[in-house]
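Reviewing the structure listed below.
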Amino acid sequence: MALDPNDYDISELGPEIQDVEDVDELEDILETEKAGKDRAGAKQLIQSRIEKFREDEAEDREDLDPTEMSPADLANELQNIDSVERLEELIEREEAGEDRDSVKRLVQKRIDSIQGSGERDEEIERVPPEEKYPELDHPTADKQYVETLEGGTYEDMWVFCETKDGDLLDVSREMLGKARRLMDGYNEEYDSDERVVAVLLEDEVGDLADESIACGADVVVYQDDPELQRFRHRPYAELFSAMARAGGELDVEPDAGDSSWRDYDEPRYVLFPATNNGRDLSAQVQGELDSGLASDCSGLYIDDTVISNPAKTGREGEKKQFERVLHMKRPDFSGFEYSTILCLDNPTREFHPQGASVIPGSFEVPDPDYDREGEVYEYDFDLPEEWFQVEVTEYDELDSGVDLTGHDVVVALGRGIGDDPTEGMELGLELTNAFEDAAMGITRGIVTSSYDFDGHVEQYASEERQIGETGQVVEPKLYVAAGISGAVQHKVGMDESDTIVSINTNPEADIRDFSDYFVEGDLFEVLPVLTEALENGELDVEELAATGGASDD
């Protein structure tokens, strides 16, 4: 019998449905939720699981061979294929094999259905918001800095390379390496020759051009200025946007630098780091370039896609294929699934560059290749005084936060402390302090919870201690996970640990699958036993067994 989602909190439901691999059963669970609590978050979580299996089924269809199928069987499979390119491949495969007219007509009919003639559908009338709702204020109508394009030309992937004290941040190197791989695949797929462009803004930042090229850039554009030594919102946004436009039809300052290396209006794609400065800059730049932004992404790929949303196709009931789309993956609010964000044109607006900010640690730092060749161009845009109305005469550098990396041991706490959050945190700290070189981390579940901590431990529940995809990545010799279910976002932050010991009351918890040792028990009982064993230098196995049990996985 399918599980009843109404028996679980949303945070508990995610791990439970990870073991359900039957779409029909998931559909039943979804209907049970709708008939019960009807929670939006729970329905989205179940639907995401259903869609995952449908995507897997779609991947299985890539090996579909029409010559081995009857027309009736093929007709059923065709309804699940939305790629015109894939369908055309099926026709070619049929022509090279059985060459049945009935089969080719079926496939061609599916292609016509996807592409749509548009003759039967009424075009959607689009009215500007200022005309549709004249009684409302429309501040966006006064955005004089926004310059829209129609029929624009777009090329290359631009990467904003954030720096500090004259050095590239690791996330900048990560993005350059990922951009290099993306554009290599792009050029092969689309028979093109588009480039990776690194953007550098700071004082004496031109010295980093060689390293940027070694990490994957084909072109480096930069501006040096002492005023840029400290990140400031307006000058950085204005300069990046001006560089992005220079050389195309929107050339705003032709004498600012040599833009002969490009002849397009704006970049096709842009990447920013999901740091404090990068998040700020990405939103401002994409607003000024009149496009959209997917923030805090951890996965990127480029592919064609078919969309039926009338806001994008312009007609009800019509499907349209978009090419060269940057698919931007980010964790959704459940913590157990991903959402993929697309930035697509619609019939009345072009959304370029397609932009994303990237979570630090999402990609590997590339090994620099200093034999790579590239082009370097310096810009010299004017920096108006009004951009620098505030002068910084003295400052203190804030603590960089809690660094959980580099320790021999990391003790991590999850939602299992929920019965008594303060005591759970205290027990975690006691175990941490019993080691010579250890630090304590937490999961996103604690960061986003509404747990009420006493003041003396409240500081340990802050986001700076979060481990996982949207937090820190640790690789200690010993990782102790107490009360953690094992969501994939947490797993990527700690699964390179040498030895993983997990403690959980649920013997089927996902974390057991990637633990070296699993203790089935309540952390409120197990942690004191482990702390005492460290302090005394001897583990009382009988006492540990009395808490629930342990296994060697």
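Scheme for the structure tokens: letters A, B, ... for chains in order shown; per-chain residue numbers from 1; ligand numbers from 1 in order shown.
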
Under the rule of at most 8 Å, produce a per-residue listing of stretch 372-439 of chain A near stretch 484-501 of chain A: chain, number, name, the closest pair of atoms, and the distance in Å, as a tab-separated table, using only C-alpha atoms.
residue	atom	partner	partner_atom	distance
A:Leu413	CA	A:Ile484	CA	6.5
A:Gly414	CA	A:Ile484	CA	4.5
A:Arg415	CA	A:Ile484	CA	6.4
A:Gly416	CA	A:Ile484	CA	6.5

Could the residues in this selection be saved with all heavy atoms as a PDB file, in the first residue's frame?
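Saved result, result-v4.pdb, follows:
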ATOM      1  N   LEU A 413      25.427  18.039  12.821  1.00  0.00           N
ATOM      2  CA  LEU A 413      24.112  17.788  13.396  1.00  0.00           C
ATOM      3  C   LEU A 413      23.026  18.104  12.384  1.00  0.00           C
ATOM      4  O   LEU A 413      23.141  19.058  11.604  1.00  0.00           O
ATOM      5  CB  LEU A 413      23.907  18.654  14.642  1.00  0.00           C
ATOM      6  CG  LEU A 413      24.930  18.502  15.776  1.00  0.00           C
ATOM      7  CD1 LEU A 413      24.611  19.468  16.906  1.00  0.00           C
ATOM      8  CD2 LEU A 413      24.937  17.065  16.293  1.00  0.00           C
ATOM      9  N   GLY A 414      21.961  17.289  12.409  1.00  0.00           N
ATOM     10  CA  GLY A 414      20.826  17.516  11.530  1.00  0.00           C
ATOM     11  C   GLY A 414      19.539  17.670  12.295  1.00  0.00           C
ATOM     12  O   GLY A 414      19.530  17.922  13.513  1.00  0.00           O
ATOM     13  N   ARG A 415      18.423  17.487  11.608  1.00  0.00           N
ATOM     14  CA  ARG A 415      17.113  17.707  12.213  1.00  0.00           C
ATOM     15  C   ARG A 415      16.803  16.734  13.350  1.00  0.00           C
ATOM     16  O   ARG A 415      15.813  16.917  14.068  1.00  0.00           O
ATOM     17  CB  ARG A 415      16.022  17.586  11.151  1.00  0.00           C
ATOM     18  CG  ARG A 415      15.913  18.819  10.249  1.00  0.00           C
ATOM     19  CD  ARG A 415      14.733  18.651   9.306  1.00  0.00           C
ATOM     20  NE  ARG A 415      14.496  19.837   8.502  1.00  0.00           N
ATOM     21  CZ  ARG A 415      13.728  20.854   8.863  1.00  0.00           C
ATOM     22  NH1 ARG A 415      13.149  20.844  10.053  1.00  0.00           N
ATOM     23  NH2 ARG A 415      13.539  21.880   8.066  1.00  0.00           N
ATOM     24  N   GLY A 416      17.644  15.729  13.527  1.00  0.00           N
ATOM     25  CA  GLY A 416      17.448  14.801  14.629  1.00  0.00           C
ATOM     26  C   GLY A 416      17.527  15.446  15.990  1.00  0.00           C
ATOM     27  O   GLY A 416      17.112  14.848  16.997  1.00  0.00           O
TER      28      GLY A 416
END

Exercise for review: Going by DSSP on the backbone, which bits of stretch 184-344 of chain A are strand (DSSP E)? Write them as a PyMOL selection string, please.
Suggested key: chain A and resi 196-202+219-224+266-273+293-297+299-307+320-331+338-341

Which residues, written as a JSON list (two decimals) with C-alpha atoms, in the first residue's frame, have at least one atom at most 10 Å from A:Glu31, with only C-alpha atoms counted and residues fewer than 4 positions away on the same chain left out?
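around06.json, written as the output of this step:
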[["chain", "number", "residue", "atom", "x", "y", "z"],
["A", 4, "ASP", "CA", 0.28, 8.30, 3.36],
["A", 5, "PRO", "CA", 2.07, 11.66, 2.93],
["A", 25, "GLU", "CA", 2.51, 4.60, -6.70],
["A", 26, "LEU", "CA", 3.82, 8.17, -6.68],
["A", 27, "GLU", "CA", 0.66, 9.30, -8.48],
["A", 35, "ALA", "CA", -7.35, 14.69, -0.65],
["A", 36, "GLY", "CA", -5.74, 15.31, 2.72],
["A", 38, "ASP", "CA", -3.18, 19.46, 0.24],
["A", 43, "LYS", "CA", 2.70, 18.27, -3.83]]

Practice item. Determine which residues of stretch 301-475 of chain A DSSP labels as helix (DSSP H, G or I) from the backbone of this structure, then write them out as a ChimeraX atom specification. Key: /A:310-313,385-388,415-419,421-434,444-447,455-461,463-465

Produce a file of the selected residues containing C-alpha atoms, as a PDB file, in the first residue's frame.
ATOM      1  CA  PRO A 310       2.020  30.502 -24.721  1.00  0.00           C
ATOM      2  CA  ALA A 311       3.944  33.344 -23.079  1.00  0.00           C
ATOM      3  CA  LYS A 312       6.979  32.060 -24.975  1.00  0.00           C
ATOM      4  CA  THR A 313       5.388  30.674 -28.124  1.00  0.00           C
ATOM      5  CA  GLU A 385      32.645  61.269  -9.638  1.00  0.00           C
ATOM      6  CA  GLU A 386      28.995  60.639  -8.748  1.00  0.00           C
ATOM      7  CA  TRP A 387      29.765  56.912  -8.711  1.00  0.00           C
ATOM      8  CA  PHE A 388      32.052  57.478  -5.735  1.00  0.00           C
ATOM      9  CA  ARG A 415      17.113  17.707  12.213  1.00  0.00           C
ATOM     10  CA  GLY A 416      17.448  14.801  14.629  1.00  0.00           C
ATOM     11  CA  ILE A 417      18.093  17.366  17.379  1.00  0.00           C
ATOM     12  CA  GLY A 418      14.514  18.618  16.954  1.00  0.00           C
ATOM     13  CA  ASP A 419      13.169  17.048  20.172  1.00  0.00           C
ATOM     14  CA  PRO A 421      17.464  21.630  19.906  1.00  0.00           C
ATOM     15  CA  THR A 422      19.505  23.260  22.660  1.00  0.00           C
ATOM     16  CA  GLU A 423      20.480  19.981  24.315  1.00  0.00           C
ATOM     17  CA  GLY A 424      21.251  18.438  20.938  1.00  0.00           C
ATOM     18  CA  MET A 425      23.571  21.330  20.112  1.00  0.00           C
ATOM     19  CA  GLU A 426      25.245  21.025  23.525  1.00  0.00           C
ATOM     20  CA  LEU A 427      25.877  17.305  23.008  1.00  0.00           C
ATOM     21  CA  GLY A 428      27.375  17.985  19.589  1.00  0.00           C
ATOM     22  CA  LEU A 429      29.708  20.617  21.043  1.00  0.00           C
ATOM     23  CA  GLU A 430      30.788  18.285  23.850  1.00  0.00           C
ATOM     24  CA  LEU A 431      31.724  15.576  21.351  1.00  0.00           C
ATOM     25  CA  THR A 432      33.526  18.119  19.181  1.00  0.00           C
ATOM     26  CA  ASN A 433      35.543  19.410  22.120  1.00  0.00           C
ATOM     27  CA  ALA A 434      36.551  15.855  23.073  1.00  0.00           C
ATOM     28  CA  ARG A 444      20.515  23.191   5.877  1.00  0.00           C
ATOM     29  CA  GLY A 445      17.559  21.690   7.722  1.00  0.00           C
ATOM     30  CA  ILE A 446      18.730  23.371  10.924  1.00  0.00           C
ATOM     31  CA  VAL A 447      19.508  26.669   9.191  1.00  0.00           C
ATOM     32  CA  GLY A 455      21.429  32.069  23.676  1.00  0.00           C
ATOM     33  CA  HIS A 456      24.647  30.233  24.532  1.00  0.00           C
ATOM     34  CA  VAL A 457      24.318  27.854  21.540  1.00  0.00           C
ATOM     35  CA  GLU A 458      22.326  30.003  19.114  1.00  0.00           C
ATOM     36  CA  GLN A 459      25.479  31.104  17.279  1.00  0.00           C
ATOM     37  CA  TYR A 460      26.163  27.504  16.216  1.00  0.00           C
ATOM     38  CA  ALA A 461      22.920  27.373  14.202  1.00  0.00           C
ATOM     39  CA  GLU A 463      24.330  29.545   7.986  1.00  0.00           C
ATOM     40  CA  GLU A 464      28.118  29.937   8.122  1.00  0.00           C
ATOM     41  CA  ARG A 465      28.335  26.414   9.627  1.00  0.00           C
TER      42      ARG A 465
END

Distance table requested - stretch 353-450 of chain A against stretch 219-235 of chain A, cut-off 8 Å, only C-alpha atoms: one row per qualifying residue with the closest atom pair and its distance in Å to one decimal, ordered by chain and rising residue number, as JSON lines.
{"residue": "A:Gly374", "atom": "CA", "partner": "A:Val219", "partner_atom": "CA", "distance": 5.5}
{"residue": "A:Glu375", "atom": "CA", "partner": "A:Val219", "partner_atom": "CA", "distance": 4.7}
{"residue": "A:Val376", "atom": "CA", "partner": "A:Val220", "partner_atom": "CA", "distance": 4.7}
{"residue": "A:Tyr377", "atom": "CA", "partner": "A:Val221", "partner_atom": "CA", "distance": 4.9}
{"residue": "A:Glu378", "atom": "CA", "partner": "A:Tyr222", "partner_atom": "CA", "distance": 5.2}
{"residue": "A:Tyr379", "atom": "CA", "partner": "A:Gln223", "partner_atom": "CA", "distance": 5.1}
{"residue": "A:Asp380", "atom": "CA", "partner": "A:Gln223", "partner_atom": "CA", "distance": 6.2}
{"residue": "A:Phe381", "atom": "CA", "partner": "A:Gln223", "partner_atom": "CA", "distance": 7.9}
{"residue": "A:Leu383", "atom": "CA", "partner": "A:Pro235", "partner_atom": "CA", "distance": 7.2}
{"residue": "A:Trp387", "atom": "CA", "partner": "A:Pro235", "partner_atom": "CA", "distance": 6.1}

Please, could you write that set of residues out with C-alpha atoms as a PDB file, in the first residue's frame?
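Generated file (part-v8.pdb):
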ATOM      1  CA  GLY A 374      44.363  34.084 -25.747  1.00  0.00           C
ATOM      2  CA  GLU A 375      43.648  37.721 -26.467  1.00  0.00           C
ATOM      3  CA  VAL A 376      43.759  40.536 -23.891  1.00  0.00           C
ATOM      4  CA  TYR A 377      41.995  43.895 -24.234  1.00  0.00           C
ATOM      5  CA  GLU A 378      42.117  46.806 -21.822  1.00  0.00           C
ATOM      6  CA  TYR A 379      39.236  49.264 -21.487  1.00  0.00           C
ATOM      7  CA  ASP A 380      39.338  52.786 -20.154  1.00  0.00           C
ATOM      8  CA  PHE A 381      35.786  53.910 -19.463  1.00  0.00           C
ATOM      9  CA  LEU A 383      34.497  56.777 -13.941  1.00  0.00           C
ATOM     10  CA  TRP A 387      29.765  56.912  -8.711  1.00  0.00           C
TER      11      TRP A 387
END

Practice item. Take atom CA of A:Tyr190 and atom CA of A:Ala356 and report the distance between them in Å, one decimal. Key: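 Answer for the atom CA of A:Tyr190 to atom CA of A:Ala356 separation: 21.5 Å.
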
Practice item. Mind checking which residues fall within 8 Å of stretch 337-354 of chain A, counting only C-alpha atoms, ignoring those fewer than 2 positions away in the same chain, and posting them as an MDAnalysis selection string? Key: chainID A and resid 45 48:49 148:152 154 266:270 286 289:294 311:314 322 325:332 334:335 356

Selection from above, C-alpha atoms, as a CSV table (one decimal), in the first residue's frame, can you write it?
chain,number,residue,atom,x,y,z
A,45,LEU,CA,8.0,17.4,-3.8
A,48,SER,CA,9.3,16.5,-8.8
A,49,ARG,CA,9.9,12.8,-8.0
A,148,THR,CA,16.3,46.5,-25.2
A,149,LEU,CA,17.2,44.7,-28.3
A,150,GLU,CA,15.1,43.3,-31.1
A,151,GLY,CA,16.8,40.9,-33.6
A,152,GLY,CA,20.0,41.3,-31.7
A,154,TYR,CA,24.6,37.2,-29.4
A,266,GLU,CA,25.6,41.4,-26.3
A,267,PRO,CA,27.0,38.1,-24.8
A,268,ARG,CA,24.9,34.9,-25.3
A,269,TYR,CA,25.6,33.7,-21.8
A,270,VAL,CA,27.1,35.3,-18.6
A,286,GLN,CA,21.1,41.5,-15.9
A,289,LEU,CA,20.9,44.4,-20.0
A,290,ASP,CA,17.2,43.7,-19.8
A,291,SER,CA,17.4,40.0,-19.2
A,292,GLY,CA,16.8,37.4,-16.5
A,293,LEU,CA,18.9,35.6,-13.9
A,294,ALA,CA,19.0,32.2,-12.3
A,311,ALA,CA,3.9,33.3,-23.1
A,312,LYS,CA,7.0,32.1,-25.0
A,313,THR,CA,5.4,30.7,-28.1
A,314,GLY,CA,2.9,33.5,-28.7
A,322,PHE,CA,14.4,26.9,-28.6
A,325,VAL,CA,19.5,27.2,-24.2
A,326,LEU,CA,21.6,27.4,-21.0
A,327,HIS,CA,19.9,25.0,-18.6
A,328,MET,CA,20.7,26.3,-15.0
A,329,LYS,CA,20.1,23.8,-12.2
A,330,ARG,CA,19.6,24.8,-8.6
A,331,PRO,CA,18.4,23.1,-5.4
A,332,ASP,CA,14.7,23.7,-4.8
A,334,SER,CA,12.6,20.9,-0.5
A,335,GLY,CA,16.3,20.2,-0.3
A,356,ALA,CA,23.4,32.5,-13.9

Check your understanding: Which of these residues is nearest to A:Lys320, using only C-alpha atoms: A:Ser449, A:Glu535, A:Gly401, A:Ile111?
Key -> A:Ile111

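Distance check against A:Leu208 using only C-alpha atoms: of A:Ala274, A:Ile46, A:Leu169, A:Ala246, the minimum falls on A:Leu169.
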
Do a neighbour search on stretch 77-92 of chain A at 7 Å with only C-alpha atoms, toss out local chain neighbours closer than 3 positions, and write the hits as a compact mmCIF listing (two decimals) with N, CA, C and O atoms, in the first residue's frame.
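Contents of the output file out_27.txt:
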# COMPACT_ATOMS: atom_id res chain seq x y z
N PRO A 66 12.92 2.46 -34.62
CA PRO A 66 11.59 2.26 -35.23
C PRO A 66 11.50 0.99 -36.06
O PRO A 66 10.42 0.44 -36.25
N ASP A 73 2.87 0.46 -31.78
CA ASP A 73 3.75 0.65 -30.63
C ASP A 73 4.55 1.95 -30.76
O ASP A 73 4.75 2.67 -29.79
N LEU A 74 5.01 2.22 -31.97
CA LEU A 74 5.79 3.43 -32.19
C LEU A 74 4.95 4.67 -31.94
O LEU A 74 5.43 5.66 -31.37
N GLU A 95 14.19 5.05 -42.87
CA GLU A 95 14.53 5.03 -44.29
C GLU A 95 15.69 4.09 -44.59
O GLU A 95 15.73 3.44 -45.64
N ALA A 96 16.63 4.04 -43.64
CA ALA A 96 17.78 3.15 -43.83
C ALA A 96 17.45 1.70 -43.54
O ALA A 96 18.22 0.80 -43.90
N LYS A 104 6.88 6.55 -41.37
CA LYS A 104 7.41 7.89 -41.64
C LYS A 104 6.31 8.95 -41.52
O LYS A 104 6.56 10.05 -41.04
N VAL A 107 5.77 9.67 -37.79
CA VAL A 107 6.82 10.53 -37.21
C VAL A 107 6.67 11.96 -37.72
O VAL A 107 6.80 12.92 -36.96
N ARG A 110 4.02 13.78 -35.94
CA ARG A 110 4.45 14.23 -34.61
C ARG A 110 5.30 15.49 -34.72
O ARG A 110 5.17 16.41 -33.92
N ILE A 111 6.16 15.55 -35.74
CA ILE A 111 6.98 16.76 -35.96
C ILE A 111 6.08 17.95 -36.23
O ILE A 111 6.26 19.04 -35.67
N ILE A 114 4.48 19.22 -33.06
CA ILE A 114 5.38 19.97 -32.18
C ILE A 114 5.63 21.37 -32.72
O ILE A 114 5.55 22.37 -32.01
N VAL A 306 12.03 22.12 -26.10
CA VAL A 306 10.73 22.42 -26.68
C VAL A 306 9.82 22.96 -25.59
O VAL A 306 9.69 22.35 -24.52

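Across the model, the gap from atom CA of A:Ser362 to atom CA of A:Thr470 is 8.8 Å.
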